[in-house]
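Asker: File follows, my_file_21.txt with compact mmCIF, C-alpha atoms:
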# COMPACT_ATOMS: atom_id res chain seq x y z
CA LEU A 1 99.01 75.05 17.00
CA PHE A 2 96.33 76.35 19.28
CA LEU A 3 94.95 78.51 16.52
CA LEU A 4 94.91 75.56 14.09
CA THR A 5 93.14 73.34 16.54
CA LEU A 6 90.55 75.99 17.21
CA VAL A 7 89.89 76.48 13.54
CA LEU A 8 89.60 72.77 12.89
CA THR A 9 87.33 72.30 15.85
CA SER A 10 85.28 75.22 14.81
CA THR A 11 85.08 73.85 11.32
CA ALA A 12 84.08 70.46 12.55
CA CYS A 13 81.45 71.95 14.77
CA SER A 14 80.19 73.99 11.83
CA LYS A 15 79.73 70.85 9.67
CA THR A 16 77.87 69.08 12.45
CA ASN A 17 75.61 72.01 12.99
CA THR A 18 74.93 72.28 9.29
CA SER A 19 73.90 68.56 9.20
CA LEU A 20 71.67 69.01 12.22
CA GLU A 21 70.15 72.08 10.68
CA GLN A 22 69.47 70.19 7.48
CA LYS A 23 67.83 67.31 9.39
CA GLN A 24 65.83 69.74 11.42
CA ALA A 25 64.77 71.51 8.24
CA LEU A 26 63.74 68.20 6.62
CA ALA A 27 61.99 66.77 9.69
CA PRO A 28 58.67 68.55 9.12
CA GLU A 29 58.62 67.32 5.52
CA ASN A 30 59.37 63.72 6.59
CA GLU A 31 56.74 63.84 9.30
CA GLN A 32 54.24 65.26 6.86
CA ARG A 33 55.04 62.57 4.28
CA GLU A 34 54.84 59.80 6.88
CA SER A 35 51.60 61.25 8.15
CA LYS A 36 50.17 61.25 4.64
CA GLN A 37 51.28 57.64 4.10
CA HIS A 38 49.77 56.61 7.42
CA ASN A 39 46.55 58.42 6.63
CA ALA A 40 46.42 56.81 3.19
CA LYS A 41 46.91 53.35 4.70
CA SER A 42 44.28 54.08 7.31
CA GLU A 43 41.87 55.20 4.64
CA GLU A 44 42.56 52.06 2.60
CA THR A 45 42.06 49.86 5.68
CA THR A 46 38.86 51.68 6.58
CA ALA A 47 37.55 51.34 3.02
CA ALA A 48 38.39 47.63 2.98
CA MET A 49 36.64 47.09 6.33
CA LEU A 50 33.59 48.98 5.12
CA ALA A 51 33.52 46.89 1.96
CA ILE A 52 33.75 43.68 4.00
CA ARG A 53 30.99 44.91 6.29
CA ASP A 54 28.78 45.68 3.30
CA ASP A 55 29.54 42.25 1.83
CA LEU A 56 28.62 40.59 5.13
CA LYS A 57 25.36 42.53 5.29
CA GLN A 58 24.51 41.47 1.75
CA LEU A 59 25.46 37.86 2.52
CA LYS A 60 23.25 37.89 5.62
CA ARG A 61 20.35 39.22 3.55
CA GLU A 62 20.87 36.51 0.94
CA VAL A 63 21.12 33.76 3.58
CA ALA A 64 17.96 35.07 5.24
CA ALA A 65 16.17 35.03 1.88
CA ILE A 66 17.34 31.47 1.18
CA ARG A 67 16.28 30.37 4.68
CA GLN A 68 12.85 31.90 4.17
CA ALA A 69 12.50 30.24 0.77
CA VAL A 70 13.40 26.85 2.25
CA THR A 71 10.92 27.41 5.07
CA ASP A 72 8.18 28.31 2.59
CA ILE A 73 8.91 25.26 0.43
CA HIS A 74 8.92 22.99 3.48
CA LYS A 75 5.65 24.47 4.70
CA ILE A 76 3.98 23.96 1.32
CA ALA A 77 5.28 20.40 1.15
CA MET A 78 4.33 19.41 4.67
CA ASP A 79 1.13 21.34 5.30
CA THR A 80 -1.00 19.13 3.06
CA PRO A 81 -4.52 19.23 4.47
CA GLU A 82 -5.56 16.03 6.20
CA PRO A 83 -8.51 14.79 4.14
CA VAL A 84 -11.41 12.75 5.36
CA ALA A 85 -10.92 9.23 4.02
CA LYS A 86 -13.45 8.46 1.33
CA PRO A 87 -15.67 5.39 1.69
CA LEU A 88 -15.25 2.57 -0.83
CA PRO A 89 -17.79 0.27 -2.40
CA ALA A 90 -19.20 -2.37 -0.07
CA GLU A 91 -16.36 -4.75 -0.85
CA LEU A 92 -13.22 -5.03 -2.94
CA ALA A 93 -11.63 -8.24 -4.17
CA LEU A 94 -8.06 -8.54 -2.97
CA ASP A 95 -7.06 -11.23 -5.47
CA LEU A 96 -3.91 -12.03 -3.54
CA ASP A 97 -1.44 -14.68 -4.65
CA SER A 98 2.15 -15.67 -3.93
CA ASN A 99 3.45 -13.25 -6.57
CA ASP A 100 2.18 -10.17 -4.76
CA PRO A 101 4.59 -8.06 -2.67
CA LEU A 102 3.18 -8.45 0.84
CA LEU A 103 4.18 -7.53 4.35
CA GLY A 104 2.53 -8.62 7.56
CA SER A 105 0.80 -11.59 9.08
CA GLU A 106 -1.70 -13.72 7.19
CA ASP A 107 -3.83 -13.48 10.34
CA ALA A 108 -4.01 -9.67 10.20
CA GLY A 109 -7.54 -8.32 10.23
CA ILE A 110 -6.82 -5.10 8.32
CA ALA A 111 -5.27 -4.61 4.88
CA ILE A 112 -3.70 -1.59 3.23
CA VAL A 113 -3.49 -1.76 -0.56
CA GLU A 114 -1.04 0.80 -1.91
CA PHE A 115 -0.92 2.11 -5.48
CA SER A 116 2.43 3.77 -6.08
CA ASP A 117 4.79 5.18 -8.72
CA PHE A 118 8.57 4.99 -8.28
CA GLN A 119 9.09 8.37 -9.96
CA CYS A 120 6.48 10.13 -7.85
CA PRO A 121 8.08 12.42 -5.23
CA TYR A 122 4.99 12.15 -3.00
CA CYS A 123 5.27 8.36 -3.05
CA LYS A 124 8.87 8.74 -1.94
CA ARG A 125 7.84 11.13 0.81
CA PHE A 126 5.28 8.63 2.09
CA ALA A 127 7.84 5.80 1.94
CA ASP A 128 10.42 7.87 3.81
CA GLN A 129 8.28 9.62 6.41
CA THR A 130 5.03 7.74 7.05
CA PHE A 131 5.52 4.10 6.07
CA PRO A 132 8.17 3.32 8.74
CA ALA A 133 5.74 4.20 11.57
CA ILE A 134 2.93 2.16 9.96
CA LYS A 135 5.30 -0.77 9.62
CA LYS A 136 6.44 -0.51 13.23
CA ASN A 137 3.06 -0.01 14.88
CA TYR A 138 0.69 -2.00 12.68
CA ILE A 139 2.48 -4.38 10.29
CA LYS A 140 5.09 -5.83 12.65
CA THR A 141 2.52 -6.11 15.43
CA GLY A 142 0.33 -8.36 13.25
CA LYS A 143 -2.57 -5.92 12.93
CA VAL A 144 -2.15 -4.93 9.28
CA ARG A 145 -1.25 -6.70 6.07
CA TYR A 146 0.38 -4.38 3.53
CA ILE A 147 -0.03 -5.01 -0.20
CA ALA A 148 1.89 -3.08 -2.86
CA ARG A 149 0.41 -2.42 -6.31
CA ASP A 150 1.86 -0.52 -9.25
CA PHE A 151 0.38 2.60 -10.80
CA PRO A 152 3.10 4.19 -12.96
CA LEU A 153 1.86 7.49 -14.32
CA ASP A 154 2.15 8.19 -18.03
CA PHE A 155 4.24 11.34 -17.61
CA HIS A 156 6.93 9.47 -15.60
CA PRO A 157 8.96 7.78 -18.37
CA GLN A 158 10.95 5.45 -16.08
CA ALA A 159 8.10 4.51 -13.72
CA GLN A 160 6.92 1.42 -15.58
CA GLY A 161 10.47 0.09 -15.96
CA ALA A 162 11.04 0.71 -12.25
CA ALA A 163 7.86 -1.23 -11.42
CA VAL A 164 9.09 -4.14 -13.54
CA ALA A 165 12.49 -3.97 -11.81
CA ALA A 166 10.79 -4.12 -8.40
CA ASN A 167 8.73 -7.14 -9.47
CA CYS A 168 11.84 -8.86 -10.81
CA ALA A 169 13.53 -8.23 -7.48
CA LEU A 170 10.45 -9.77 -5.84
CA ALA A 171 11.14 -12.94 -7.84
CA GLN A 172 14.45 -13.14 -5.97
CA GLY A 173 12.97 -12.24 -2.60
CA ALA A 174 14.18 -8.61 -2.56
CA TYR A 175 11.15 -6.51 -3.47
CA TRP A 176 11.22 -4.24 -0.42
CA GLN A 177 14.97 -3.69 -0.65
CA MET A 178 14.61 -2.77 -4.33
CA ARG A 179 11.69 -0.50 -3.47
CA ASP A 180 13.90 1.44 -1.06
CA SER A 181 16.72 1.60 -3.61
CA LEU A 182 14.44 2.86 -6.37
CA PHE A 183 13.04 5.64 -4.21
CA SER A 184 16.57 6.57 -3.10
CA ASN A 185 17.50 6.93 -6.79
CA ILE A 186 14.27 8.63 -7.88
CA ARG A 187 16.14 11.27 -9.93
CA ASN A 188 18.50 8.78 -11.55
CA LEU A 189 16.29 5.95 -12.80
CA SER A 190 17.10 4.16 -16.04
CA PRO A 191 17.37 0.56 -17.32
CA GLN A 192 21.11 0.68 -16.64
CA ARG A 193 20.55 1.93 -13.10
CA PHE A 194 18.00 -0.85 -12.46
CA GLN A 195 20.70 -3.41 -13.24
CA GLU A 196 23.22 -1.58 -11.07
CA LEU A 197 20.81 -1.60 -8.14
CA ALA A 198 20.17 -5.30 -8.66
CA GLY A 199 23.93 -5.84 -8.48
CA GLU A 200 24.17 -3.79 -5.29
CA LEU A 201 21.46 -6.02 -3.79
CA LYS A 202 23.49 -9.12 -4.76
CA LEU A 203 20.76 -10.41 -7.08
CA ASP A 204 21.43 -12.85 -9.90
CA ILE A 205 22.03 -10.34 -12.70
CA GLU A 206 21.37 -12.73 -15.58
CA GLN A 207 18.11 -13.83 -14.03
CA PHE A 208 17.22 -10.20 -13.39
CA LYS A 209 17.92 -9.27 -17.04
CA LEU A 210 15.78 -12.13 -18.33
CA CYS A 211 12.97 -11.17 -15.98
CA SER A 212 13.15 -7.51 -17.00
CA SER A 213 12.75 -8.42 -20.68
CA ASP A 214 9.78 -10.72 -19.97
CA LYS A 215 6.67 -8.99 -21.32
CA SER A 216 4.48 -10.77 -18.77
CA HIS A 217 5.75 -8.45 -16.05
CA ILE A 218 4.72 -5.39 -18.06
CA LYS A 219 1.31 -7.05 -18.35
CA GLU A 220 1.12 -7.44 -14.56
CA VAL A 221 1.92 -3.75 -14.11
CA SER A 222 -0.74 -2.85 -16.69
CA GLU A 223 -3.28 -4.98 -14.80
CA ASP A 224 -2.57 -3.02 -11.62
CA GLN A 225 -3.05 0.20 -13.59
CA GLY A 226 -6.37 -1.08 -14.89
CA LEU A 227 -7.53 -1.99 -11.39
CA ALA A 228 -6.59 1.46 -10.10
CA ALA A 229 -8.43 3.16 -12.95
CA SER A 230 -11.54 1.03 -12.33
CA LEU A 231 -11.52 2.21 -8.72
CA GLY A 232 -11.36 5.84 -9.75
CA ILE A 233 -7.70 6.37 -8.82
CA SER A 234 -5.96 9.08 -10.84
CA GLY A 235 -2.97 10.03 -8.69
CA THR A 236 -0.30 8.53 -6.49
CA PRO A 237 0.15 7.48 -3.85
CA SER A 238 -3.35 6.13 -3.14
CA PHE A 239 -4.35 3.65 -0.45
CA PHE A 240 -7.33 1.40 0.18
CA ILE A 241 -7.69 0.44 3.81
CA GLY A 242 -10.30 -2.05 5.00
CA ARG A 243 -11.15 -5.16 6.96
CA ILE A 244 -10.14 -8.51 5.51
CA GLU A 245 -12.96 -11.01 5.14
CA GLY A 246 -11.86 -14.03 3.17
CA ASP A 247 -10.48 -12.71 -0.09
CA LYS A 248 -12.41 -9.45 0.16
CA LEU A 249 -11.66 -6.02 1.56
CA VAL A 250 -14.76 -4.63 3.29
CA ASN A 251 -15.65 -1.48 5.22
CA GLY A 252 -12.94 0.20 3.18
CA ARG A 253 -11.64 3.75 3.07
CA LEU A 254 -9.58 5.57 0.44
CA ILE A 255 -6.67 7.86 1.32
CA VAL A 256 -5.04 9.88 -1.47
CA GLY A 257 -1.67 11.57 -1.20
CA ALA A 258 1.37 11.41 1.08
CA GLN A 259 -0.63 11.94 4.25
CA GLY A 260 0.89 11.88 7.70
CA TYR A 261 0.94 8.93 10.04
CA GLN A 262 -1.93 10.33 12.11
CA THR A 263 -4.31 10.11 9.14
CA PHE A 264 -3.54 6.42 8.63
CA SER A 265 -3.66 5.52 12.31
CA THR A 266 -7.03 7.27 12.71
CA VAL A 267 -8.55 5.34 9.79
CA ILE A 268 -7.02 2.00 10.83
CA ASP A 269 -8.13 2.37 14.45
CA SER A 270 -11.62 3.39 13.31
CA ILE A 271 -11.98 0.28 11.13
CA MET A 272 -10.64 -1.94 13.89
CA ALA A 273 -13.17 -0.49 16.32
CA THR A 274 -16.08 -1.10 13.94
CA PRO A 275 -17.90 -4.38 14.69
Would you put the structure from the file into structure tokens?
Answerer:
Amino acid sequence: LFLLTLVLTSTACSKTNTSLEQKQALAPENEQRESKQHNAKSEETTAAMLAIRDDLKQLKREVAAIRQAVTDIHKIAMDTPEPVAKPLPAELALDLDSNDPLLGSEDAGIAIVEFSDFQCPYCKRFADQTFPAIKKNYIKTGKVRYIARDFPLDFHPQAQGAAVAANCALAQGAYWQMRDSLFSNIRNLSPQRFQELAGELKLDIEQFKLCSSDKSHIKEVSEDQGLAASLGISGTPSFFIGRIEGDKLVNGRLIVGAQGYQTFSTVIDSIMATP
């Protein structure tokens, strides 16, 4: 019995040792394989991180280029040289009547006559950036009377229709609201859009449609164009600024382009200071 137990124990110990020996023999291979897998994963992770870093660098370069392009465009747009206002003839007939789009007091001593085009981006820029300050500081204070005239340019196909739409809105007391709406939709103007804007302004649509088809309004726009041409105007926006004497504009100055507020205030103050 003792001999049997010894043999069995010895045999059992032998099997255990063999298993341990096998594991010990395989351990270096397993470690090597795991090491290779770990190294491969590390290399993949490193490569991915490097690729992301390169992508970020490229993205930063592209963003910087876009930022510089926007800066350049803004500089070109805004750095328009401030011109010296040109003198006008001794006097200019205002020919005002109740059908003209006007802002300001009838007692104002200075008038600004604007010639504008609703598809002209510079006219929009003036309306957005310069006109609000003029309105606040000169029109609402009773110093200036502002008169809007139409000068749709031939290469703006929707400009004449937009001018007619503005005049038809004037017939319902909403010229200045329509003016703002037209400039806000400068890239989307069409006869259909004119009617949509009239609806948004709560105008009588049937009356607006009849007005828009009335050829007399196209004639009025053409008369403004003729006046502008007779005064030597060839671009928009253009402005005549002068002192009001009866139905005449005297001591006038001409400003061409979407100039800054300072240009207008300098000219207006100069005319006001002139006896």
Asker: So that I can check the surroundings of stretch 204-213 of chain A, please list as a PyMOL selection string every protein, DNA and RNA residue that reaches within 7 Å of it, counting all atoms listed in the file and ignoring chain neighbours fewer than 3 positions away.
Answerer: chain A and resi 164-165+168+198-199
Asker: For stretch 151-160 of chain A, work out the shell of residues within 7 Å, counting all atoms listed in the file and skipping chain neighbours fewer than 2 positions away, then give it as a VMD selection string.
Answerer: chain A and resid 115 to 119 149 162 to 164 189 to 190 224 to 225
Asker: Write to file, as a PDB file, in the frame of the given file, the residues of the selection just made, with C-alpha atoms.
Answerer:
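Output below, filename again.pdb:
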ATOM      1  CA  PHE A 115      -0.920   2.110  -5.480  1.00  0.00           C
ATOM      2  CA  SER A 116       2.430   3.770  -6.080  1.00  0.00           C
ATOM      3  CA  ASP A 117       4.790   5.180  -8.720  1.00  0.00           C
ATOM      4  CA  PHE A 118       8.570   4.990  -8.280  1.00  0.00           C
ATOM      5  CA  GLN A 119       9.090   8.370  -9.960  1.00  0.00           C
ATOM      6  CA  ARG A 149       0.410  -2.420  -6.310  1.00  0.00           C
ATOM      7  CA  ALA A 162      11.040   0.710 -12.250  1.00  0.00           C
ATOM      8  CA  ALA A 163       7.860  -1.230 -11.420  1.00  0.00           C
ATOM      9  CA  VAL A 164       9.090  -4.140 -13.540  1.00  0.00           C
ATOM     10  CA  LEU A 189      16.290   5.950 -12.800  1.00  0.00           C
ATOM     11  CA  SER A 190      17.100   4.160 -16.040  1.00  0.00           C
ATOM     12  CA  ASP A 224      -2.570  -3.020 -11.620  1.00  0.00           C
ATOM     13  CA  GLN A 225      -3.050   0.200 -13.590  1.00  0.00           C
TER      14      GLN A 225
END
Asker: A:Gly232, A:Gly246, A:Gly161, A:Pro132: which is nearest A:Phe194, counting only C-alpha atoms?
Answerer: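 Checking each candidate against A:Phe194, we get A:Gly161 as the closest.
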Asker: Stretch 102-109 of chain A: which residues within 10 Å, counting all atoms listed in the file, same-chain residues fewer than 6 positions away excluded, as a CSV table (one decimal) with C-alpha atoms, in the coordinates of the input?
Answerer:
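Output (around08.csv):
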chain,number,residue,atom,x,y,z
A,96,LEU,CA,-3.9,-12.0,-3.5
A,135,LYS,CA,5.3,-0.8,9.6
A,138,TYR,CA,0.7,-2.0,12.7
A,139,ILE,CA,2.5,-4.4,10.3
A,140,LYS,CA,5.1,-5.8,12.6
A,141,THR,CA,2.5,-6.1,15.4
A,142,GLY,CA,0.3,-8.4,13.2
A,143,LYS,CA,-2.6,-5.9,12.9
A,144,VAL,CA,-2.2,-4.9,9.3
A,145,ARG,CA,-1.2,-6.7,6.1
A,146,TYR,CA,0.4,-4.4,3.5
A,147,ILE,CA,0.0,-5.0,-0.2
A,148,ALA,CA,1.9,-3.1,-2.9
A,149,ARG,CA,0.4,-2.4,-6.3
A,170,LEU,CA,10.4,-9.8,-5.8
A,175,TYR,CA,11.2,-6.5,-3.5
A,176,TRP,CA,11.2,-4.2,-0.4
A,242,GLY,CA,-10.3,-2.0,5.0
A,243,ARG,CA,-11.2,-5.2,7.0
A,244,ILE,CA,-10.1,-8.5,5.5
A,245,GLU,CA,-13.0,-11.0,5.1
A,249,LEU,CA,-11.7,-6.0,1.6
A,271,ILE,CA,-12.0,0.3,11.1
A,272,MET,CA,-10.6,-1.9,13.9
Asker: Can you list, as a VMD selection string, every protein, DNA or RNA residue that comes within 12 Å of A:Leu227 when you count only C-alpha atoms, leaving out same-chain residues fewer than 4 positions away?
Answerer: chain A and resid 92 to 95 113 to 115 149 to 151 220 to 223 231 to 234
Asker: What is the distance, in Å and to one decimal place, between atom CA of A:Ala48 and atom CA of A:Arg33?
Answerer: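 Atom CA of A:Ala48 sits 22.4 Å away from atom CA of A:Arg33.
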